[in-house]
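Student: Right, I'll just put the structure down here and ask away after.
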Amino acid sequence: MIITSKDIRDKLKDIDDFLLDQYRASHENKKTDWRTYEEQYALRIKEAMKQFQPLVNEAVDSIHIYRGQGRKPELTLKQRVSLLLLQRMIGKSNRMMASMLVIFSLLTNVDVSYKTIERLYSDEEVLMALHNLHVLILKKKGVNNADASGDGTGYALTISRHYASTAQKEKDAAKENSEGNKTAESKPGKKAKKRGPIFSANGINTVKKIFSERMIRFEKAEIEELTKMPDGEIVIKDVKKKRYIVKRTGDYFEIYSVKKGFAYSFKFMDLKTQMYIAYGTSLKSEKEAFDRAHEMCKSIDIKLKSVRLDKYYSYPSYVDKFGDTKVYIIPKKGATLKGSWKYKRTMFDFVRNTMEYLGEQYRREHSETGWSVDKRRFGWSIPQKREDRIDTADSCTTIWHNLFQLGGLD
């Protein structure tokens, strides 16, 4: 059988017209038995709490730190790791968590300031232990040769922004602009109005001391305040009802556009256990978060047999990134056969075995469900002000997600 670019576009049209309805009719969702669900959820929590301390102990015991002269940490590494994970689980601010510890100190003998808790997010020893803990949980569950899915989302950096609703508003606005442009262009003899310059969603405006580019203005007092920021810290600035992130990097300041009111996160999930294999975060784009998650995936000893991605990653370059791994994607409208032989074989499978292909690709819904559960469990925002600490907070969420899956059925 020989396929062409037209076959791909025709198949996409068939999916929109009738194939998707046929697929849904043959894959009806089973009704949830909420009593059974609640019982299983309670068992998962008990198993996670049961395994928590032994796994933390094992993750920490493999780390040996040589300390020279100087002040020693107030808490042991086990206490620091446990405290950080519990703080992320409870979802309280650093200051509130420190206040709660005053009560807990009657039982735990742990009493520290909120600054101590905040510094845990960038403690290198804690980061090593968290990585060890992540790998240990996956090994304990037997995740080593995985059929995976990948998906990304955004976490608000302030409580006033909600990722899903904001993203939908931007899509609606883009649609309205698109329809408006079409209307203007359709009128003969009338020149379409030229759009003004737009700050690129992926662009970085790097400036030094003076912030005059892209119509962004900072007052003198603001500049003085920014120069006092620690390296890596971020602030959010509103300009004409649009939001920008300003990040301190050495002597320079990076400014991200309005869409950067969020920290992006991407995770690969093992479909059998529904555990996260690898993760990555970025303030710039979901693509950069994907790249970091992909690099982590290669650094740990877990092989991907197959992976399912959404349309954003349907280009040949993304398919080629996974080597021998089978990749399932739904091509975008207007897709062609240009690309590597692996991409061509993927498109051949999509056209020839469409229903089976859809069945595999739509297993990516497990990743979307995982994000939904995590956000309801741990919150829709990450209240950290440094990029490295945002990444640490997301890694804590990943570990808790996997801990809860330890009590699930194989």
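Following the order of the structure tokens, chains are lettered A, B, ..., residues in each are numbered from 1, and ligands are numbered from 1.
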Write out as a VMD selection string all residues of region 3-79 of chain A that DSSP puts in helix (DSSP H, G or I) for this structure's backbone.
Tutor: chain A and resid 5 to 26 34 to 61 77 to 79
Student: What's around region 331-337 of chain A at 7 Å? Count only C-alpha atoms, leave out sequence neighbours fewer than 2 positions away in its own chain, and write the answer as a list in words.
Tutor: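 Using only C-alpha atoms, the neighbours found are Thr4, Ser5, Ile8, Arg9, Lys311, Ser314, Ile329, Gly339 and Lys344 of chain A.
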Student: Compare A:Leu20, A:Ala156, A:Leu120, A:Ala48 by their minimum atom-to-atom distance to Ile245 (chain A), counting only C-alpha atoms, and give me the closest one.
Tutor: A:Ala156
Student: How many Å lie between CA of Thr346 (chain A) and CA of Leu309 (chain A), rounded to one decimal?
Tutor: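 So the answer is 12.7 Å.
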Student: Out of A:Ser340, A:Asn57, A:Thr116, A:Ser122, which residue has the shortest atom-to-atom distance to Asp320 (chain A) when counting only C-alpha atoms?
Tutor: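 Checking each candidate against Asp320 (chain A), we get A:Ser340 as the closest.
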Student: Quote the spacing between CA of Asp388 (chain A) and CA of Glu295 (chain A) in Å to one decimal place.
Tutor: 16.7 Å
Student: Mind giving me the straight-line distance from CA of Val373 (chain A) to CA of Gly280 (chain A) in Å, one decimal?
Tutor: 18.4 Å
Student: Counting only C-alpha atoms, figure out which residue out of A:Leu271, A:Ala221, A:Leu43, A:Ile277 gets nearest to Ser395 (chain A).
Tutor: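 Closest to Ser395 (chain A) of all the choices is A:Ile277.
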Student: Within 7 Å of Leu283 (chain A), counting only C-alpha atoms, which residues qualify if same-chain residues fewer than 2 places away don't, as a JSON list (two decimals) with C-alpha atoms, in the first residue's frame?
Tutor:
```json
[["chain", "number", "residue", "atom", "x", "y", "z"],
["A", 260, "LYS", "CA", 4.41, 33.77, 30.98],
["A", 262, "PHE", "CA", 2.68, 30.51, 34.45],
["A", 263, "ALA", "CA", 5.37, 27.94, 35.07],
["A", 264, "TYR", "CA", 5.12, 25.20, 32.46],
["A", 285, "SER", "CA", 7.58, 27.49, 27.21]]
```
Student: Hey, what's within 6 Å of region 143-151 of chain A if we count only C-alpha atoms and toss same-chain stuff fewer than 5 positions away? As JSON, numbers by chain, please?
Tutor: {"A": [138, 266, 267, 268, 269, 270, 271, 302, 303, 304, 305, 306, 307, 308, 309, 364, 367]}
Student: Can you pull out the residues contacting region 62-72 of chain A? Cut-off 10 Å, using only C-alpha atoms, and skip same-chain residues under 5 positions away; I want them as number ranges by chain.
Tutor: A: 57, 77, 125, 128-129, 132
Student: For the residues selected in the previous step, produce a file with N, CA and C atoms as an mmCIF file, in the first residue's frame.
Tutor:
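Wrote it out as result10.cif, contents follow:
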```
data_model
loop_
_atom_site.group_PDB
_atom_site.id
_atom_site.type_symbol
_atom_site.label_atom_id
_atom_site.label_comp_id
_atom_site.auth_asym_id
_atom_site.auth_seq_id
_atom_site.Cartn_x
_atom_site.Cartn_y
_atom_site.Cartn_z
ATOM 1 N N ASN A 57 14.258 7.185 54.081
ATOM 2 C CA ASN A 57 15.473 6.690 54.734
ATOM 3 C C ASN A 57 16.429 6.065 53.724
ATOM 4 N N LEU A 77 19.371 15.522 57.107
ATOM 5 C CA LEU A 77 18.895 15.433 55.727
ATOM 6 C C LEU A 77 17.537 14.723 55.670
ATOM 7 N N GLU A 125 21.600 19.020 48.742
ATOM 8 C CA GLU A 125 21.504 17.699 49.358
ATOM 9 C C GLU A 125 20.071 17.173 49.293
ATOM 10 N N MET A 128 19.309 16.033 45.726
ATOM 11 C CA MET A 128 19.859 14.700 45.443
ATOM 12 C C MET A 128 18.977 13.600 46.041
ATOM 13 N N ALA A 129 18.523 13.833 47.271
ATOM 14 C CA ALA A 129 17.677 12.840 47.940
ATOM 15 C C ALA A 129 16.339 12.683 47.222
ATOM 16 N N ASN A 132 16.893 10.537 44.187
ATOM 17 C CA ASN A 132 17.025 9.133 44.619
ATOM 18 C C ASN A 132 15.656 8.542 44.961
#
```
